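coords.csv, holding CSV, C-alpha atoms:
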chain,number,residue,atom,x,y,z
F,1,MET,CA,37.4,-11.5,-114.1
F,2,ASN,CA,39.1,-8.5,-112.4
F,3,LYS,CA,38.8,-6.3,-115.5
F,4,LYS,CA,35.1,-6.9,-115.9
F,5,THR,CA,34.1,-6.9,-112.2
F,6,ILE,CA,33.0,-3.6,-110.6
F,7,ASN,CA,34.3,-2.9,-107.1
F,8,PHE,CA,30.9,-2.3,-105.4
F,9,MET,CA,32.3,-3.2,-102.0
F,10,GLY,CA,35.0,-0.5,-102.3
F,11,ALA,CA,32.2,2.1,-102.9
F,12,LYS,CA,30.0,0.8,-100.1
F,13,ASN,CA,30.2,4.0,-98.0
F,14,ILE,CA,28.9,6.1,-100.9
F,15,LEU,CA,26.2,3.5,-101.7
F,16,PHE,CA,25.0,3.5,-98.1
F,17,ALA,CA,25.3,7.3,-97.8
F,18,ILE,CA,22.9,8.0,-100.7
F,19,PRO,CA,19.7,6.5,-99.1
F,20,ILE,CA,20.7,7.9,-95.6
F,21,VAL,CA,20.7,11.4,-97.1
F,22,ILE,CA,17.4,10.8,-98.8
F,23,PHE,CA,15.9,9.4,-95.5
F,24,ALA,CA,17.0,12.6,-93.7
F,25,VAL,CA,15.3,14.8,-96.4
F,26,ILE,CA,12.1,12.7,-96.1
F,27,LEU,CA,12.2,13.0,-92.3
F,28,VAL,CA,12.7,16.7,-92.3
F,29,PHE,CA,9.9,17.2,-94.9
F,30,PHE,CA,7.6,15.0,-93.0
F,31,ALA,CA,8.3,16.8,-89.7
F,32,ILE,CA,7.5,20.2,-91.3
F,33,PHE,CA,4.6,19.4,-93.6
F,34,GLY,CA,3.3,16.1,-92.4
F,35,VAL,CA,1.2,13.8,-94.6
F,36,GLU,CA,-2.5,13.6,-95.3
F,37,VAL,CA,-4.3,10.3,-94.5
F,38,ALA,CA,-7.2,9.4,-96.8
F,39,ILE,CA,-10.6,8.5,-95.5
F,40,GLU,CA,-10.0,4.8,-96.0
F,41,PHE,CA,-7.7,4.9,-92.9
F,42,LYS,CA,-8.8,8.0,-91.0
F,43,GLY,CA,-12.5,8.1,-91.6
F,44,GLY,CA,-14.6,10.9,-93.3
F,45,THR,CA,-17.0,11.5,-96.1
F,46,MET,CA,-16.6,11.1,-99.9
F,47,LEU,CA,-19.0,12.8,-102.3
F,48,THR,CA,-19.0,11.7,-106.0
F,49,TYR,CA,-20.5,14.0,-108.6
F,50,SER,CA,-21.0,13.4,-112.3
F,51,TYR,CA,-20.2,16.4,-114.6
F,52,GLU,CA,-20.1,17.5,-118.2
F,53,GLY,CA,-17.4,19.4,-120.1
F,54,GLU,CA,-14.2,20.4,-118.4
F,55,VAL,CA,-13.7,21.0,-114.7
F,56,ASP,CA,-10.8,22.8,-113.0
F,57,VAL,CA,-9.8,20.7,-110.0
F,58,ASN,CA,-8.2,23.7,-108.2
F,59,ALA,CA,-11.3,25.8,-108.7
F,60,VAL,CA,-13.5,23.1,-107.2
F,61,LYS,CA,-11.1,22.7,-104.3
F,62,SER,CA,-11.1,26.5,-103.7
F,63,VAL,CA,-14.9,26.6,-103.5
F,64,VAL,CA,-15.1,23.6,-101.2
F,65,GLU,CA,-12.4,24.9,-98.9
F,66,GLY,CA,-14.4,28.2,-98.6
F,67,GLU,CA,-17.1,26.3,-96.8
F,68,ASN,CA,-14.7,25.5,-93.9
F,69,TYR,CA,-15.6,21.8,-93.7
F,70,GLY,CA,-12.0,20.8,-93.0
F,71,SER,CA,-9.3,19.2,-95.1
F,72,VAL,CA,-10.5,18.3,-98.5
F,73,ASN,CA,-9.1,16.3,-101.5
F,74,VAL,CA,-10.6,16.7,-105.0
F,75,THR,CA,-9.9,14.2,-107.9
F,76,LEU,CA,-11.3,13.5,-111.3
F,77,GLY,CA,-12.1,10.1,-112.7
F,78,THR,CA,-14.5,8.0,-114.7
F,79,ALA,CA,-17.2,5.7,-113.4
F,80,VAL,CA,-16.4,2.0,-113.7
F,81,ASN,CA,-19.9,0.9,-114.8
F,82,SER,CA,-20.6,3.8,-117.2
F,83,SER,CA,-18.9,6.5,-119.3
F,84,LEU,CA,-19.7,9.3,-116.8
F,85,ASN,CA,-17.0,11.7,-115.8
F,86,THR,CA,-16.8,11.8,-112.0
F,87,LEU,CA,-15.6,14.4,-109.5
F,88,ASP,CA,-14.7,13.0,-106.1
F,89,VAL,CA,-14.7,15.3,-103.1
F,90,SER,CA,-13.4,13.7,-99.9
F,91,PHE,CA,-13.1,15.0,-96.4
F,92,SER,CA,-10.9,13.3,-93.9
F,93,SER,CA,-12.4,13.8,-90.4
F,94,ASN,CA,-13.6,12.0,-87.4
F,95,GLU,CA,-17.2,13.1,-87.7
F,96,GLY,CA,-17.9,13.4,-91.4
F,97,LEU,CA,-20.5,15.7,-93.0
F,98,THR,CA,-24.1,15.7,-92.0
F,99,ALA,CA,-26.8,15.5,-94.6
F,100,GLU,CA,-27.5,19.2,-94.3
F,101,LYS,CA,-23.8,20.1,-94.9
F,102,GLN,CA,-23.7,17.8,-97.9
F,103,GLY,CA,-26.8,19.4,-99.4
F,104,ALA,CA,-25.4,22.9,-98.8
F,105,LEU,CA,-22.1,21.9,-100.4
F,106,THR,CA,-23.9,20.4,-103.4
F,107,ASP,CA,-25.9,23.5,-104.0
F,108,LYS,CA,-22.8,25.7,-103.7
F,109,LEU,CA,-21.0,23.6,-106.3
F,110,LYS,CA,-24.0,23.5,-108.7
F,111,GLU,CA,-24.2,27.3,-108.4
F,112,SER,CA,-20.4,27.8,-109.0
F,113,PHE,CA,-20.2,25.4,-112.0
F,114,LYS,CA,-23.6,25.8,-113.7
F,115,ASP,CA,-22.2,24.9,-117.1
F,116,ASN,CA,-20.9,21.5,-116.0
F,117,ASN,CA,-24.3,20.2,-114.8
F,118,LEU,CA,-23.0,18.6,-111.6
F,119,VAL,CA,-25.2,15.8,-110.1
F,120,LEU,CA,-24.5,14.0,-106.8
F,121,VAL,CA,-24.4,10.3,-107.7
F,122,ASP,CA,-22.9,8.8,-104.5
F,123,SER,CA,-22.2,9.7,-100.9
F,124,GLN,CA,-20.1,7.5,-98.5
F,125,ASP,CA,-19.2,7.9,-94.8
F,126,VAL,CA,-16.3,5.9,-93.3
F,127,ASN,CA,-16.3,5.4,-89.6
F,128,PRO,CA,-12.9,6.2,-88.0
F,129,SER,CA,-12.7,2.9,-86.2
F,130,SER,CA,-13.4,1.1,-89.5
F,131,GLY,CA,-10.6,3.1,-91.2
F,132,PHE,CA,-8.2,2.2,-88.4
F,133,GLU,CA,-9.1,-1.5,-88.7
F,134,PHE,CA,-8.5,-1.4,-92.4
F,135,PHE,CA,-5.1,0.2,-91.9
F,136,LEU,CA,-4.3,-2.4,-89.3
F,137,LYS,CA,-5.1,-5.3,-91.6
F,138,CYS,CA,-3.0,-3.7,-94.4
F,139,PHE,CA,-0.1,-3.4,-91.9
F,140,VAL,CA,-0.4,-7.0,-90.8
F,141,ALA,CA,-0.4,-8.1,-94.5
F,142,VAL,CA,2.9,-6.2,-95.1
F,143,ILE,CA,4.5,-7.7,-91.9
F,144,PHE,CA,3.3,-11.2,-92.8
F,145,SER,CA,4.8,-10.9,-96.2
F,146,PHE,CA,8.1,-9.8,-94.6
F,147,ILE,CA,8.2,-12.9,-92.4
F,148,LEU,CA,7.4,-15.3,-95.3
F,149,LEU,CA,10.1,-13.8,-97.5
F,150,VAL,CA,12.8,-14.1,-94.8
F,151,ILE,CA,11.8,-17.8,-94.2
F,152,TYR,CA,11.8,-18.5,-97.9
F,153,ILE,CA,15.3,-17.0,-98.4
F,154,ALA,CA,16.6,-18.7,-95.3
F,155,PHE,CA,15.7,-22.1,-96.7
F,156,ARG,CA,16.6,-21.5,-100.3
F,157,PHE,CA,20.1,-20.1,-99.6
F,158,LYS,CA,21.3,-22.3,-96.7
F,159,LYS,CA,24.7,-22.7,-98.3
F,160,ILE,CA,25.5,-18.9,-98.0
F,161,GLY,CA,24.1,-18.4,-94.5
F,162,GLY,CA,20.4,-18.4,-95.3
F,163,PHE,CA,19.0,-16.7,-92.3
F,164,SER,CA,21.5,-13.8,-92.4
F,165,ALA,CA,20.8,-13.4,-96.1
F,166,GLY,CA,17.1,-13.2,-95.4
F,167,VAL,CA,17.6,-10.6,-92.7
F,168,PHE,CA,19.5,-8.3,-95.0
F,169,ALA,CA,17.0,-8.8,-97.8
F,170,LEU,CA,14.5,-7.6,-95.2
F,171,VAL,CA,16.6,-4.5,-94.6
F,172,ALA,CA,16.4,-3.8,-98.3
F,173,LEU,CA,12.7,-4.2,-98.2
F,174,VAL,CA,12.3,-1.7,-95.3
F,175,HIS,CA,14.4,0.7,-97.3
F,176,ASP,CA,12.0,0.3,-100.2
F,177,VAL,CA,8.9,0.9,-98.0
F,178,ILE,CA,10.5,4.1,-96.6
F,179,MET,CA,11.2,5.3,-100.1
F,180,VAL,CA,7.7,4.8,-101.2
F,181,PHE,CA,6.4,6.5,-98.1
F,182,GLY,CA,8.8,9.4,-98.9
F,183,THR,CA,7.4,9.7,-102.4
F,184,PHE,CA,3.9,10.2,-100.9
F,185,VAL,CA,5.3,12.7,-98.5
F,186,LEU,CA,7.3,14.7,-101.0
F,187,CYS,CA,4.6,14.7,-103.7
F,188,ARG,CA,1.9,15.6,-101.1
F,189,PHE,CA,-0.2,12.5,-101.9
F,190,SER,CA,-2.6,11.2,-99.4
F,191,ILE,CA,-1.8,7.8,-97.8
F,192,ASP,CA,-4.6,5.6,-99.1
F,193,ALA,CA,-5.2,2.2,-100.6
F,194,ASN,CA,-2.8,3.0,-103.4
F,195,PHE,CA,0.0,3.2,-100.9
F,196,ILE,CA,-0.5,-0.4,-99.8
F,197,ALA,CA,-0.8,-1.6,-103.4
F,198,VAL,CA,2.4,0.1,-104.4
F,199,VAL,CA,4.3,-1.2,-101.3
F,200,LEU,CA,3.3,-4.8,-102.0
F,201,THR,CA,4.1,-4.6,-105.7
F,202,VAL,CA,7.5,-3.0,-105.0
F,203,LEU,CA,8.3,-5.6,-102.4
F,204,GLY,CA,7.7,-8.4,-104.9
F,205,ASN,CA,9.9,-6.8,-107.5
F,206,SER,CA,12.7,-6.0,-105.0
F,207,ILE,CA,12.8,-9.4,-103.5
F,208,ASN,CA,13.0,-10.9,-107.0
F,209,ASN,CA,16.1,-8.8,-107.7
F,210,THR,CA,17.6,-9.7,-104.4
F,211,ILE,CA,17.1,-13.4,-105.0
F,212,VAL,CA,18.9,-13.1,-108.4
F,213,VAL,CA,21.9,-11.6,-106.6
F,214,TYR,CA,22.0,-14.3,-103.9
F,215,ASP,CA,21.6,-17.0,-106.5
F,216,ARG,CA,24.6,-15.7,-108.4
F,217,ILE,CA,26.6,-15.6,-105.1
F,218,ARG,CA,25.7,-19.2,-104.4
F,219,GLU,CA,26.6,-20.4,-107.9
F,220,ASN,CA,29.9,-18.5,-108.0
F,221,ARG,CA,30.8,-19.9,-104.6
F,222,GLY,CA,30.2,-23.4,-106.0
F,223,LEU,CA,32.4,-22.6,-109.0
F,224,TYR,CA,35.3,-20.8,-107.3
F,225,GLY,CA,35.1,-22.2,-103.8
F,226,ASN,CA,37.5,-20.3,-101.4
F,227,SER,CA,39.9,-19.3,-104.1
F,228,ILE,CA,38.4,-15.7,-104.1
F,229,SER,CA,37.4,-13.6,-101.1
F,230,LEU,CA,33.9,-12.9,-100.1
F,231,ARG,CA,34.1,-9.3,-101.3
F,232,GLU,CA,35.4,-10.4,-104.8
F,233,LEU,CA,32.7,-13.0,-104.9
F,234,THR,CA,30.0,-10.5,-104.1
F,235,ASN,CA,31.4,-7.9,-106.5
F,236,MET,CA,31.4,-10.5,-109.3
F,237,SER,CA,27.9,-11.6,-108.5
F,238,ILE,CA,26.4,-8.1,-108.4
F,239,THR,CA,28.2,-7.2,-111.7
F,240,GLN,CA,26.8,-10.2,-113.4
F,241,SER,CA,23.2,-9.3,-112.2
F,242,LEU,CA,23.6,-5.6,-112.9
F,243,SER,CA,22.5,-5.5,-116.6
F,244,ARG,CA,19.6,-7.9,-116.1
F,245,SER,CA,18.1,-6.0,-113.1
F,246,ILE,CA,18.6,-2.6,-114.6
F,247,ASN,CA,17.1,-3.5,-118.0
F,248,THR,CA,14.1,-5.2,-116.3
F,249,THR,CA,13.5,-2.2,-114.0
F,250,LEU,CA,13.9,0.4,-116.8
F,251,THR,CA,11.5,-1.4,-119.0
F,252,THR,CA,8.8,-1.5,-116.3
F,253,ALA,CA,9.6,2.1,-115.1
F,254,PHE,CA,9.2,3.5,-118.7
F,255,ALA,CA,5.9,1.8,-119.0
F,256,VAL,CA,4.7,3.3,-115.7
F,257,LEU,CA,6.2,6.7,-116.8
F,258,ALA,CA,4.0,6.5,-120.0
F,259,ILE,CA,1.0,6.0,-117.7
F,260,CYS,CA,2.0,9.1,-115.7
F,261,VAL,CA,2.3,11.2,-118.8
F,262,VAL,CA,-1.2,10.1,-120.0
F,263,CYS,CA,-2.7,10.8,-116.6
F,264,ALA,CA,-1.1,14.2,-116.4
F,265,VAL,CA,-2.5,15.1,-119.8
F,266,CYS,CA,-5.9,13.8,-119.0
F,267,GLY,CA,-5.9,15.1,-115.4
F,268,VAL,CA,-6.5,11.7,-113.8
F,269,ILE,CA,-4.9,12.4,-110.5
F,270,SER,CA,-6.1,9.2,-108.8
F,271,ILE,CA,-4.0,7.0,-111.0
F,272,MET,CA,-0.9,9.2,-110.7
F,273,THR,CA,-0.9,8.7,-107.0
F,274,PHE,CA,-0.3,5.1,-107.8
F,275,ALA,CA,2.0,5.4,-110.9
F,276,ILE,CA,4.5,7.9,-109.6
F,277,PRO,CA,5.3,6.1,-106.3
F,278,MET,CA,5.4,2.8,-108.3
F,279,MET,CA,8.0,4.2,-110.7
F,280,VAL,CA,10.1,5.5,-107.8
F,281,GLY,CA,9.7,2.3,-105.8
F,282,LEU,CA,10.8,0.1,-108.7
F,283,VAL,CA,14.1,2.1,-109.1
F,284,CYS,CA,14.7,2.2,-105.3
F,285,GLY,CA,13.9,-1.5,-105.1
F,286,THR,CA,16.5,-2.3,-107.7
F,287,TYR,CA,19.1,-0.1,-105.9
F,288,SER,CA,18.5,-1.8,-102.6
F,289,SER,CA,18.7,-5.3,-104.1
F,290,LEU,CA,22.0,-4.6,-105.8
F,291,PHE,CA,23.8,-2.1,-103.5
F,292,ILE,CA,22.4,-2.6,-100.0
F,293,SER,CA,21.4,-6.2,-99.2
F,294,GLY,CA,24.6,-7.8,-100.7
F,295,PRO,CA,27.2,-5.5,-99.3
F,296,LEU,CA,25.5,-5.5,-95.9
F,297,TRP,CA,25.5,-9.3,-95.9
F,298,VAL,CA,29.3,-9.3,-96.7
F,299,LEU,CA,30.0,-6.9,-93.9
F,300,TRP,CA,28.1,-9.1,-91.5
F,301,ARG,CA,29.8,-12.3,-92.6
F,302,GLU,CA,33.3,-10.6,-92.3
F,303,HIS,CA,32.4,-9.4,-88.8
F,304,ARG,CA,31.1,-12.8,-87.8
F,305,ASP,CA,34.2,-14.6,-89.2
F,306,LYS,CA,36.5,-12.1,-87.5
F,307,SER,CA,34.8,-12.4,-84.2
F,308,GLY,CA,34.9,-16.2,-84.4
F,309,ALA,CA,38.6,-16.2,-85.3
F,310,SER,CA,39.5,-13.9,-82.4
F,311,VAL,CA,37.7,-16.1,-79.9
F,312,SER,CA,38.8,-19.6,-81.1
F,313,GLY,CA,42.0,-18.8,-82.9
F,314,THR,CA,44.5,-18.8,-80.0
F,315,PRO,CA,43.5,-22.2,-78.5
F,316,LYS,CA,43.6,-23.9,-81.9
F,317,ALA,CA,47.1,-22.5,-82.5
F,318,SER,CA,48.2,-23.6,-79.1
F,319,LYS,CA,46.9,-27.1,-79.6
F,320,LYS,CA,48.7,-27.3,-82.9
F,321,ASN,CA,52.0,-26.1,-81.5
F,322,THR,CA,51.7,-28.6,-78.7
F,323,LYS,CA,51.3,-31.5,-81.0
F,324,ASP,CA,54.2,-30.3,-83.1
F,325,LEU,CA,56.5,-30.1,-80.1
F,326,ALA,CA,55.4,-33.4,-78.8
F,327,SER,CA,56.1,-35.1,-82.1
F,328,LYS,CA,59.6,-33.6,-82.0
F,329,GLY,CA,60.2,-34.9,-78.5
F,330,THR,CA,60.8,-31.5,-77.0
F,331,ILE,CA,57.9,-32.1,-74.5
F,332,ASP,CA,57.3,-35.2,-72.5
F,333,LYS,CA,54.2,-36.9,-73.8
F,334,LYS,CA,53.3,-38.1,-70.3
F,335,LYS,CA,53.2,-34.5,-69.2
F,336,LEU,CA,50.9,-33.7,-72.1
F,337,MET,CA,48.6,-36.5,-70.9
F,338,VAL,CA,48.5,-35.0,-67.5

Show how you would write the structure in this file as structure tokens.
Amino acid sequence: MNKKTINFMGAKNILFAIPIVIFAVILVFFAIFGVEVAIEFKGGTMLTYSYEGEVDVNAVKSVVEGENYGSVNVTLGTAVNSSLNTLDVSFSSNEGLTAEKQGALTDKLKESFKDNNLVLVDSQDVNPSSGFEFFLKCFVAVIFSFILLVIYIAFRFKKIGGFSAGVFALVALVHDVIMVFGTFVLCRFSIDANFIAVVLTVLGNSINNTIVVYDRIRENRGLYGNSISLRELTNMSITQSLSRSINTTLTTAFAVLAICVVCAVCGVISIMTFAIPMMVGLVCGTYSSLFISGPLWVLWREHRDKSGASVSGTPKASKKNTKDLASKGTIDKKKLMV
């Protein structure tokens, strides 16, 4: 067992330091550059054009920015109900674009890209209050999923301190959400509906890996009892879960990577804003399940056991010593009764 078990608890400081350093980088990058919020959450206007041939996204963005209508995001796609190629131009703002401004922008784009036969096929305005309400509902959905997962783990793993196991599984999930957010920040992606979709998907994958580790800990505790320490038990359980979790994650991550490559070749940016954070989130979710939730749970259990021993250890020892002395006749039993 000792030869095959990896000492993850011995490397806990390094395992904890890696995400802390990444968090610091994300925080600095966010403080300097910020992050763009899409019109789904902030409000604004989205114009959808059909086009022919090839369109340079950067050239379109340069033309639109020249009109000084505010922050703009340009993406290419394909209409769901037809084979039309679509060009989406979205403005995140509190007021949106008036009909006059939309007409002027359309004329400017048609003039700049005459060979592409641009046609305005859809125009949508999102009210800022509606965007905030949508964001609030998404946030509530994530929090509600957190609560349900903690309750589920608390009931399923009662034998290994279910509630504490659930809390540290939640810590791992918060780590995953921050990593996904950091991917959007570092890649300069807008926070949109894809962000919520990636977060919920990554949470499901991460909690599954965490449950696998906890299940191993519970099974090994039943097999070995108290013959091995909690650290040895956790090292063994993580080692046994390592290959399964990594293989599953790599298989999924490579599939998502293939999607990223196809999107990059075809220039479909809208799907890449989902695929890239998803790939990063899967890897980070596996990392947190294996190297954060379990070791943190062990440290908490050791701290709790140590605190309990320091509080109750002396009276128990004194009582035991008193009984031993009384049995030997060195203390008067009547005095003990008093």

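Considering the residues F:Val167, F:Leu233, F:Val55, F:Ile259 and counting only C-alpha atoms, Glu219 of chain F has its shortest atom-to-atom contact with F:Leu233.
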
Open item on the list: Give me, as a list in words, all polymer residues having an atom no more than 7 Å from segment 20-37 of chain F, counting only C-alpha atoms and skipping those fewer than 5 positions away in the same chain.
Closed with: Lys42, Gly182, Val185, Arg188, Ser190, Ile191 and Asp192 of chain F

Open item on the list: List as a count of residues only the protein and nucleic acid residues near Gly294 of chain F, meaning an atom at most 8 Å away when all atoms listed in the file are counted, but skip any in the same chain fewer than 5 places from it.
Closed with: 6

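The interatomic distance for the pair atom CA of Arg218 of chain F and atom CA of Phe16 of chain F works out to 23.6 Å.
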
TODO: Compile the contact shell of Leu203 of chain F as JSON, numbers by chain: residues with an atom at most 9 Å away, counting all atoms listed in the file, same-chain residues fewer than 6 positions apart removed.
DONE: {"F": [145, 146, 173, 176, 177, 281, 282, 285]}

TODO: Name the residues within 12 Å of (-20.7, 15.8, -115.2), counting only C-alpha atoms in the file's coordinates, and put them as a PyMOL selection string.
DONE: chain F and resi 48-55+76-79+83-88+109-110+113-121

For C-alpha atoms, I'd like the residues from the last selection saved as a short mmCIF file (atom, residue, chain, number, x, y, z; two decimals), in the frame of the given file.
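Wrote result.cif, looks like this:
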data_model
loop_
_atom_site.label_atom_id
_atom_site.label_comp_id
_atom_site.auth_asym_id
_atom_site.auth_seq_id
_atom_site.Cartn_x
_atom_site.Cartn_y
_atom_site.Cartn_z
CA THR F 48 -19.00 11.70 -106.00
CA TYR F 49 -20.50 14.00 -108.60
CA SER F 50 -21.00 13.40 -112.30
CA TYR F 51 -20.20 16.40 -114.60
CA GLU F 52 -20.10 17.50 -118.20
CA GLY F 53 -17.40 19.40 -120.10
CA GLU F 54 -14.20 20.40 -118.40
CA VAL F 55 -13.70 21.00 -114.70
CA LEU F 76 -11.30 13.50 -111.30
CA GLY F 77 -12.10 10.10 -112.70
CA THR F 78 -14.50 8.00 -114.70
CA ALA F 79 -17.20 5.70 -113.40
CA SER F 83 -18.90 6.50 -119.30
CA LEU F 84 -19.70 9.30 -116.80
CA ASN F 85 -17.00 11.70 -115.80
CA THR F 86 -16.80 11.80 -112.00
CA LEU F 87 -15.60 14.40 -109.50
CA ASP F 88 -14.70 13.00 -106.10
CA LEU F 109 -21.00 23.60 -106.30
CA LYS F 110 -24.00 23.50 -108.70
CA PHE F 113 -20.20 25.40 -112.00
CA LYS F 114 -23.60 25.80 -113.70
CA ASP F 115 -22.20 24.90 -117.10
CA ASN F 116 -20.90 21.50 -116.00
CA ASN F 117 -24.30 20.20 -114.80
CA LEU F 118 -23.00 18.60 -111.60
CA VAL F 119 -25.20 15.80 -110.10
CA LEU F 120 -24.50 14.00 -106.80
CA VAL F 121 -24.40 10.30 -107.70
#

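Computed from the coordinates, the atom CA of Leu136 of chain F to atom CA of Phe184 of chain F distance equals 19.0 Å.
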
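Proximity ranking of F:Phe155, F:Lys137, F:Ile147, F:Ala255 relative to Met279 of chain F places F:Ala255 first, based on all atoms listed in the file.
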
Open item on the list: So that I can check the surroundings of Val298 of chain F, please list as JSON, numbers by chain every protein, DNA and RNA residue that reaches within 9 Å of it, counting only C-alpha atoms and ignoring chain neighbours fewer than 5 positions away.
Closed with: {"F": [9, 230, 231, 234, 293, 303]}

May I have the residues from that selection written out with C-alpha atoms, as an mmCIF file, in the coordinates of the input?
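Below is the file that was written, part-v3.cif:
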data_model
loop_
_atom_site.group_PDB
_atom_site.id
_atom_site.type_symbol
_atom_site.label_atom_id
_atom_site.label_comp_id
_atom_site.auth_asym_id
_atom_site.auth_seq_id
_atom_site.Cartn_x
_atom_site.Cartn_y
_atom_site.Cartn_z
ATOM 1 C CA MET F 9 32.300 -3.200 -102.000
ATOM 2 C CA LEU F 230 33.900 -12.900 -100.100
ATOM 3 C CA ARG F 231 34.100 -9.300 -101.300
ATOM 4 C CA THR F 234 30.000 -10.500 -104.100
ATOM 5 C CA SER F 293 21.400 -6.200 -99.200
ATOM 6 C CA HIS F 303 32.400 -9.400 -88.800
#

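The two atoms in question, atom CA of Val74 of chain F and atom CA of Cys138 of chain F, are spaced 24.2 Å apart.
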
TODO: Find the residues with any atom within 8 Å of (16.4, -19.4, -92.2); use all atoms listed in the file and the coordinates as given in the file, and write the answer as a count of residues only.
DONE: 11

- [ ] Pick out the residues sitting within 12 Å of Cys284 of chain F, and hand them over as a ChimeraX atom specification; count only C-alpha atoms, and ignore anything fewer than 6 positions along from it in its own chain.
- [x] /F:18-19,22,172-183,199,202-203,205-207,209,245-246,249-250,253,277-278,290-292
